[in-house]
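Participant: Got a file for you: protein.txt, compact mmCIF, C-alpha atoms.
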```txt
# COMPACT_ATOMS: atom_id res chain seq x y z
CA MET A 1089 -5.45 15.16 19.18
CA ARG A 1090 -2.49 17.37 18.35
CA ARG A 1091 -1.34 18.85 15.06
CA LEU A 1092 0.09 16.26 12.70
CA ASP A 1093 3.73 16.33 11.66
CA ALA A 1094 3.38 13.75 8.89
CA ILE A 1095 0.72 12.07 6.77
CA ILE A 1096 1.72 8.84 5.05
CA PHE A 1097 -0.44 7.59 2.20
CA ASP A 1098 -1.01 4.31 0.46
CA PHE A 1099 -0.80 4.76 -3.34
CA ASP A 1100 -3.08 2.48 -5.41
CA GLY A 1101 -6.71 3.39 -4.77
CA THR A 1102 -5.74 6.23 -2.44
CA LEU A 1103 -3.77 8.70 -4.54
CA ALA A 1104 -4.36 7.03 -7.91
CA ASP A 1105 -6.87 4.85 -9.72
CA VAL A 1106 -4.92 1.73 -10.71
CA PRO A 1107 -7.04 -1.18 -12.04
CA LEU A 1108 -5.07 -4.03 -10.49
CA ASP A 1109 -7.06 -7.29 -10.22
CA PHE A 1110 -5.68 -9.14 -7.21
CA ASP A 1111 -8.04 -12.11 -7.67
CA PHE A 1112 -6.75 -12.63 -11.21
CA MET A 1113 -3.21 -12.22 -9.90
CA LYS A 1114 -3.75 -15.12 -7.51
CA THR A 1115 -5.32 -17.16 -10.31
CA LYS A 1116 -2.13 -16.72 -12.34
CA ILE A 1117 0.01 -17.65 -9.34
CA ALA A 1118 -2.13 -20.77 -8.85
CA ALA A 1119 -1.64 -21.75 -12.50
CA LEU A 1120 2.12 -21.31 -12.12
CA GLY A 1121 2.06 -23.21 -8.84
CA GLU A 1122 0.50 -26.21 -10.53
CA VAL A 1123 3.75 -26.62 -12.49
CA PHE A 1124 5.77 -26.96 -9.29
CA MET A 1125 3.29 -28.61 -6.92
CA ASP A 1126 1.38 -31.90 -6.86
CA GLU A 1127 -1.89 -30.10 -7.54
CA ARG A 1128 -3.15 -26.63 -8.38
CA PRO A 1129 -3.21 -24.52 -5.18
CA VAL A 1130 -6.52 -22.91 -4.26
CA PRO A 1131 -6.37 -19.16 -3.53
CA ASP A 1132 -7.48 -18.08 -0.08
CA GLY A 1133 -7.74 -14.75 1.71
CA THR A 1134 -3.96 -14.35 1.95
CA PRO A 1135 -2.63 -11.39 -0.10
CA ALA A 1136 -0.87 -12.44 -3.32
CA LEU A 1137 2.68 -11.61 -2.22
CA GLU A 1138 2.42 -13.54 1.04
CA TRP A 1139 0.59 -16.41 -0.66
CA LEU A 1140 3.38 -16.76 -3.21
CA ASP A 1141 5.96 -16.76 -0.40
CA ARG A 1142 4.04 -19.48 1.45
CA LEU A 1143 3.58 -21.67 -1.62
CA SER A 1144 7.20 -21.36 -2.71
CA ALA A 1145 8.34 -22.24 0.83
CA GLN A 1146 6.30 -25.45 0.58
CA VAL A 1147 8.05 -26.32 -2.69
CA MET A 1148 11.45 -25.48 -1.14
CA GLU A 1149 10.86 -28.09 1.55
CA ARG A 1150 11.00 -30.69 -1.21
CA ASP A 1151 13.46 -29.05 -3.61
CA ARG A 1152 15.09 -25.71 -2.82
CA ASP A 1153 16.04 -24.92 -6.41
CA GLU A 1154 12.52 -25.57 -7.66
CA GLY A 1155 11.09 -23.46 -4.87
CA MET A 1156 13.38 -20.57 -5.72
CA GLU A 1157 12.44 -20.88 -9.41
CA PHE A 1158 8.75 -20.78 -8.51
CA LEU A 1159 9.30 -17.73 -6.31
CA SER A 1160 11.27 -15.92 -9.01
CA ARG A 1161 8.71 -16.65 -11.72
CA GLY A 1162 5.85 -15.71 -9.42
CA ARG A 1163 7.41 -12.37 -8.60
CA LEU A 1164 7.82 -11.69 -12.32
CA VAL A 1165 4.13 -12.47 -12.86
CA ILE A 1166 3.14 -10.04 -10.12
CA ALA A 1167 5.45 -7.29 -11.35
CA ALA A 1168 4.21 -7.69 -14.93
CA MET A 1169 0.60 -7.33 -13.79
CA GLU A 1170 1.49 -4.26 -11.72
CA LEU A 1171 3.17 -2.62 -14.69
CA ASP A 1172 0.26 -3.47 -17.01
CA ALA A 1173 -2.24 -1.99 -14.55
CA ALA A 1174 -0.11 1.13 -14.17
CA ARG A 1175 -0.29 1.77 -17.92
CA ASP A 1176 -4.07 2.08 -17.54
CA GLY A 1177 -3.88 3.95 -14.22
CA CYS A 1178 -4.34 7.64 -13.57
CA LEU A 1179 -3.51 10.00 -10.73
CA TYR A 1180 -6.47 11.55 -8.93
CA GLU A 1181 -6.76 15.25 -9.71
CA PHE A 1182 -6.42 16.21 -6.07
CA THR A 1183 -3.19 14.28 -5.44
CA ARG A 1184 -0.50 16.79 -6.38
CA PRO A 1185 -2.34 19.78 -4.85
CA VAL A 1186 -2.92 17.90 -1.58
CA LEU A 1187 0.71 16.79 -1.26
CA ASP A 1188 2.05 20.25 -2.07
CA ASP A 1189 -0.39 21.90 0.35
CA LEU A 1190 0.78 19.61 3.14
CA LYS A 1191 4.42 20.51 2.50
CA ALA A 1192 3.50 24.20 2.52
CA ARG A 1193 1.82 23.71 5.91
CA GLY A 1194 4.89 22.00 7.36
CA VAL A 1195 3.31 18.54 7.35
CA ALA A 1196 5.57 15.89 5.81
CA PRO A 1197 3.78 13.86 3.11
CA GLY A 1198 4.92 10.35 2.28
CA VAL A 1199 3.90 7.18 0.48
CA ILE A 1200 4.40 3.56 1.47
CA SER A 1201 3.25 0.92 -0.98
CA ARG A 1202 3.26 -2.81 -1.57
CA ASN A 1203 3.61 -1.95 -5.26
CA ILE A 1204 6.96 -1.49 -7.04
CA SER A 1205 8.38 1.94 -7.80
CA ALA A 1206 8.51 1.26 -11.56
CA ALA A 1207 4.73 0.78 -11.65
CA ILE A 1208 4.02 3.72 -9.34
CA LYS A 1209 6.20 6.04 -11.41
CA LYS A 1210 4.35 5.10 -14.60
CA VAL A 1211 1.31 6.74 -13.01
CA PHE A 1212 3.14 9.46 -11.04
CA PRO A 1213 6.59 9.99 -12.60
CA ASP A 1214 7.42 13.02 -10.44
CA ILE A 1215 6.19 11.46 -7.19
CA GLU A 1216 9.40 12.06 -5.26
CA ASP A 1217 9.25 15.79 -6.01
CA HIS A 1218 6.03 15.97 -3.99
CA LEU A 1219 7.00 13.79 -1.03
CA GLN A 1220 9.43 13.75 1.86
CA VAL A 1221 9.56 9.96 2.02
CA PHE A 1222 8.71 7.21 -0.49
CA ILE A 1223 9.06 3.52 0.36
CA PRO A 1224 7.78 1.14 -2.33
CA ARG A 1225 7.95 -2.63 -2.01
CA GLU A 1226 11.58 -3.08 -3.02
CA SER A 1227 12.77 -0.51 -0.47
CA ALA A 1228 10.80 -1.85 2.50
CA GLY A 1229 12.29 -4.10 5.13
CA ARG A 1230 8.82 -5.54 5.81
CA LEU A 1231 5.55 -4.76 4.08
CA LYS A 1232 2.32 -3.41 5.51
CA PRO A 1233 0.23 -4.48 7.33
CA ASP A 1234 3.44 -5.03 9.27
CA PRO A 1235 3.85 -1.71 11.11
CA ALA A 1236 7.57 -1.78 10.28
CA HIS A 1237 6.75 -0.42 6.81
CA LEU A 1238 5.18 2.72 8.27
CA LEU A 1239 7.75 3.01 11.05
CA GLN A 1240 10.55 2.85 8.46
CA ALA A 1241 9.05 5.85 6.68
CA LEU A 1242 8.54 7.82 9.88
CA GLU A 1243 12.05 7.09 11.11
CA ARG A 1244 13.47 8.38 7.84
CA ILE A 1245 11.78 11.78 8.31
CA GLY A 1246 12.19 11.89 12.09
CA VAL A 1247 8.52 11.86 13.07
CA ALA A 1248 7.12 9.89 16.02
CA PRO A 1249 4.14 7.61 15.22
CA GLU A 1250 1.84 9.45 17.61
CA HIS A 1251 2.33 12.60 15.53
CA ALA A 1252 1.50 10.89 12.23
CA LEU A 1253 -1.54 9.72 10.25
CA MET A 1254 -1.67 6.69 7.93
CA VAL A 1255 -4.20 6.98 5.08
CA GLY A 1256 -5.37 4.24 2.72
CA ASP A 1257 -8.25 2.69 0.82
CA HIS A 1258 -7.94 -0.77 2.39
CA PRO A 1259 -8.39 -2.02 5.97
CA MET A 1260 -4.76 -3.16 5.74
CA ASP A 1261 -3.70 0.51 5.75
CA VAL A 1262 -5.75 1.31 8.83
CA GLU A 1263 -4.39 -1.80 10.55
CA THR A 1264 -0.85 -0.68 9.71
CA GLY A 1265 -1.39 2.74 11.25
CA LYS A 1266 -3.01 1.36 14.38
CA ARG A 1267 -0.31 -1.26 14.94
CA ALA A 1268 2.40 1.38 14.51
CA GLY A 1269 0.84 3.65 17.14
CA ALA A 1270 -0.22 6.29 14.61
CA MET A 1271 -3.62 7.70 13.78
CA ALA A 1272 -5.34 5.99 10.85
CA ALA A 1273 -7.85 7.00 8.19
CA GLY A 1274 -9.73 5.09 5.53
CA VAL A 1275 -10.87 6.51 2.20
CA THR A 1276 -13.53 4.92 0.00
CA THR A 1277 -11.92 5.56 -3.39
CA GLY A 1278 -10.93 1.90 -3.63
CA ARG A 1279 -13.08 -1.22 -3.30
CA ILE A 1280 -13.99 -0.80 0.38
CA ALA A 1281 -17.07 1.11 1.54
CA ALA A 1282 -17.06 3.09 4.79
CA GLU A 1283 -18.57 0.24 6.80
CA GLY A 1284 -15.71 -2.01 5.69
CA PHE A 1285 -13.34 -0.06 7.94
CA ALA A 1286 -15.61 0.07 11.00
CA TYR A 1287 -14.26 -3.00 12.81
CA LEU A 1288 -10.81 -1.38 12.99
CA GLU A 1289 -12.19 1.83 14.52
CA PRO A 1290 -10.26 4.27 12.28
CA ASP A 1291 -9.86 7.83 13.47
CA PHE A 1292 -11.38 9.09 10.20
CA VAL A 1293 -13.23 7.72 7.19
CA ALA A 1294 -13.74 9.97 4.16
CA THR A 1295 -14.93 9.69 0.57
CA ASP A 1296 -11.49 10.60 -0.74
CA VAL A 1297 -8.20 12.18 0.28
CA ALA A 1298 -9.38 15.70 -0.63
CA ALA A 1299 -12.41 15.36 1.66
CA LEU A 1300 -10.18 13.96 4.41
CA MET A 1301 -7.86 16.96 4.17
CA SER A 1302 -10.84 19.30 4.59
CA GLU A 1303 -11.85 17.39 7.70
CA LEU A 1304 -8.34 17.54 9.13
CA LYS A 1305 -8.15 21.27 8.51
CA GLY A 1306 -11.49 21.74 10.24
CA ALA A 1307 -10.19 19.82 13.24
CA GLY A 1308 -7.02 21.91 13.36
CA LEU A 1309 -4.80 18.89 12.71
CA ILE A 1310 -3.05 20.36 9.67
```
Could you spell out this file's structure in structure tokens?
Facilitator:
Amino acid sequence: MRRLDAIIFDFDGTLADVPLDFDFMKTKIAALGEVFMDERPVPDGTPALEWLDRLSAQVMERDRDEGMEFLSRGRLVIAAMELDAARDGCLYEFTRPVLDDLKARGVAPGVISRNISAAIKKVFPDIEDHLQVFIPRESAGRLKPDPAHLLQALERIGVAPEHALMVGDHPMDVETGKRAGAMAAGVTTGRIAAEGFAYLEPDFVATDVAALMSELKGAGLI
């Protein structure tokens, strides 16, 4: 292991507590889908954004205009839920100090998120003052767990994946880092316990980002 040049974080559940109910989100998409489909679709393990894309594509096969209407309405449902959750969200106390400490150490901090910037900035209005790269959903070419999301961020700041660490509270974040050729760390501030990351063999698992930073300092990585 060599010293890191960049650490890219997930946002919800990693740097902030945002009470977004993804199961309820899919329930609302299913209810909307019933208007456009022959029967109410049953949610599966597919993330909400990808599930909406898949369902609307099925409707488009029959009627493109109806499929596009479903997709548009579904995206509005998701964005409204994200904004509502953000109003009740709060930044973890360690977030600003950690990001500023990384910058002071010459390690580029960044955030990539499947959430929209409007929701993120309700919780962290000055986020871009503390980062060197910020790529929310609307700015991403492809979304994590596609490694392109992380690679887009690293390209923007000129850091090679092997010199970077991806940090998040969901196995999706660890998968993203691994697929991009970066190091990856899980934190248990979200809904996933430490054992929930084990199958992906993350480089680190910590109770929160502050504890992870202490571990990285001890290892001489930052």
Participant: For atom CA of A:Asp1261 and atom CA of A:Gln1146, quote the distance in Å rounded to one decimal.
Facilitator: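 It comes out at 28.3 Å.
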Participant: Mind giving me the straight-line distance from atom CA of A:Gly1198 to atom CA of A:Thr1277 in Å, one decimal?
Facilitator: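 Atom CA of A:Gly1198 sits 18.4 Å away from atom CA of A:Thr1277.
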Participant: Need the neighbours of (7.9, 3.8, -1.0): which residues are at most 12 Å away, counting all atoms listed in the file, as number ranges by chain?
Facilitator: A: 1096-1100, 1197-1209, 1215-1216, 1219-1232, 1237-1238, 1240-1242, 1244
Participant: Nearest residue to A:Ala1294 out of A:Val1255, A:Ala1270, A:Leu1171, A:Val1275, using all atoms listed in the file?
Facilitator: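 Counting all atoms listed in the file, the residue closest to A:Ala1294 is A:Val1275.
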Participant: Show me, as a PyMOL selection string, the residues that have an atom within 7 Å of A:Val1211 when counting all atoms listed in the file, minus same-chain residues fewer than 5 positions from it.
Facilitator: chain A and resi 1174+1177-1179
Participant: Residues within 9 Å of A:Asp1132, please, as a list in words. Count only C-alpha atoms; anything in the same chain fewer than 3 positions from it doesn't count.
Facilitator: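 Once the adjacent positions are removed, what remains is Lys1114, Pro1135 and Trp1139 of chain A.
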Participant: Enter the distance from atom CA of A:Gly1306 to atom CA of A:Ala1281, in Å, rounded to one decimal.
Facilitator: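 Those two atoms sit 23.1 Å apart.
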Participant: Find the spatial neighbours of A:Asp1172, counting all atoms listed in the file, within a cut-off of 10 Å - ignore same-chain residues fewer than 5 positions away - and output them as a PyMOL selection string.
Facilitator: chain A and resi 1106-1108+1166-1167+1177+1207+1210
Participant: List every protein, DNA or RNA residue that has an atom no more than 6 Å from (5.1, 13.7, 7.3) in the file's coordinate frame, counting all atoms listed in the file, and report them as a ChimeraX atom specification.
Facilitator: /A:1093-1095,1195-1197
Participant: Residues as selected, C-alpha atoms, written as a compact mmCIF listing (two decimals), in the coordinates of the input, can you do that?
Facilitator:
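Result file out_29.txt:
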```
# COMPACT_ATOMS: atom_id res chain seq x y z
CA ASP A 1093 3.73 16.33 11.66
CA ALA A 1094 3.38 13.75 8.89
CA ILE A 1095 0.72 12.07 6.77
CA VAL A 1195 3.31 18.54 7.35
CA ALA A 1196 5.57 15.89 5.81
CA PRO A 1197 3.78 13.86 3.11
```
Participant: Calculated over only C-alpha atoms, which of the candidates A:Met1156, A:Ala1286, A:Leu1187, A:Val1247 has the smallest distance to A:Met1301?
Facilitator: A:Leu1187
Participant: For A:Ala1298, which residue among A:Glu1250, A:Glu1138, A:Glu1181, A:Glu1243 is the nearest when counting all atoms listed in the file?
Facilitator: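 So, comparing all the options, the nearest one is A:Glu1181.
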Participant: Using all atoms listed in the file, which of the listed residues (A:Ala1272, A:Val1147, A:Ala1119, A:Val1130) sits closest to A:Ala1252?
Facilitator: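 Closest to A:Ala1252 of all the choices is A:Ala1272.
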Participant: I'd like to know which of A:Val1262, A:Ala1104, A:Met1271, A:Leu1253 is closest to A:Phe1182, using all atoms listed in the file.
Facilitator: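 The answer is A:Ala1104, which sits nearest to A:Phe1182.
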Participant: Which residue gives the smallest distance to A:Glu1154 among A:Val1123, A:Ala1192, A:Ala1236, A:Leu1288, with all atoms listed in the file counted?
Facilitator: A:Val1123
Participant: Within 9 Å of A:Gly1278, counting all atoms listed in the file, which residues qualify if same-chain residues fewer than 4 places away don't, as a list in words?
Facilitator: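 Near neighbours after the sequence-gap exclusion: Asp1100, Gly1101, Thr1102, Asp1105, Gly1256, Asp1257 and His1258 of chain A.
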Participant: Please complete stretch 1114-1131 of chain A with N, CA and C atoms and give it back as a tab-separated table (two decimals), keeping the file's coordinate frame.
Facilitator:
```tsv
chain	number	residue	atom	x	y	z
A	1114	LYS	N	-3.88	-13.86	-8.24
A	1114	LYS	CA	-3.75	-15.12	-7.51
A	1114	LYS	C	-4.11	-16.31	-8.40
A	1115	THR	N	-5.01	-16.10	-9.36
A	1115	THR	CA	-5.32	-17.16	-10.31
A	1115	THR	C	-4.09	-17.51	-11.15
A	1116	LYS	N	-3.34	-16.49	-11.55
A	1116	LYS	CA	-2.13	-16.72	-12.34
A	1116	LYS	C	-1.04	-17.39	-11.50
A	1117	ILE	N	-0.95	-17.01	-10.23
A	1117	ILE	CA	0.01	-17.65	-9.34
A	1117	ILE	C	-0.36	-19.12	-9.14
A	1118	ALA	N	-1.67	-19.39	-9.01
A	1118	ALA	CA	-2.13	-20.77	-8.85
A	1118	ALA	C	-1.78	-21.61	-10.08
A	1119	ALA	N	-1.97	-21.02	-11.27
A	1119	ALA	CA	-1.64	-21.75	-12.50
A	1119	ALA	C	-0.15	-22.05	-12.57
A	1120	LEU	N	0.67	-21.09	-12.17
A	1120	LEU	CA	2.12	-21.31	-12.12
A	1120	LEU	C	2.46	-22.35	-11.07
A	1121	GLY	N	1.80	-22.27	-9.92
A	1121	GLY	CA	2.06	-23.21	-8.84
A	1121	GLY	C	1.79	-24.65	-9.22
A	1122	GLU	N	0.83	-24.86	-10.10
A	1122	GLU	CA	0.50	-26.21	-10.53
A	1122	GLU	C	1.68	-26.89	-11.22
A	1123	VAL	N	2.56	-26.08	-11.83
A	1123	VAL	CA	3.75	-26.62	-12.49
A	1123	VAL	C	4.74	-27.19	-11.47
A	1124	PHE	N	4.76	-26.60	-10.29
A	1124	PHE	CA	5.77	-26.96	-9.29
A	1124	PHE	C	5.23	-27.82	-8.15
A	1125	MET	N	3.89	-27.91	-8.04
A	1125	MET	CA	3.29	-28.61	-6.92
A	1125	MET	C	2.53	-29.83	-7.42
A	1126	ASP	N	2.10	-30.67	-6.49
A	1126	ASP	CA	1.38	-31.90	-6.86
A	1126	ASP	C	0.01	-31.60	-7.44
A	1127	GLU	N	-0.57	-30.50	-7.04
A	1127	GLU	CA	-1.89	-30.10	-7.54
A	1127	GLU	C	-1.98	-28.58	-7.55
A	1128	ARG	N	-2.98	-28.08	-8.27
A	1128	ARG	CA	-3.15	-26.63	-8.38
A	1128	ARG	C	-3.57	-26.06	-7.03
A	1129	PRO	N	-2.83	-25.11	-6.46
A	1129	PRO	CA	-3.21	-24.52	-5.18
A	1129	PRO	C	-4.47	-23.68	-5.31
A	1130	VAL	N	-5.25	-23.65	-4.26
A	1130	VAL	CA	-6.52	-22.91	-4.26
A	1130	VAL	C	-6.30	-21.59	-3.53
A	1131	PRO	N	-6.55	-20.45	-4.20
A	1131	PRO	CA	-6.37	-19.16	-3.53
A	1131	PRO	C	-7.25	-19.03	-2.29
```
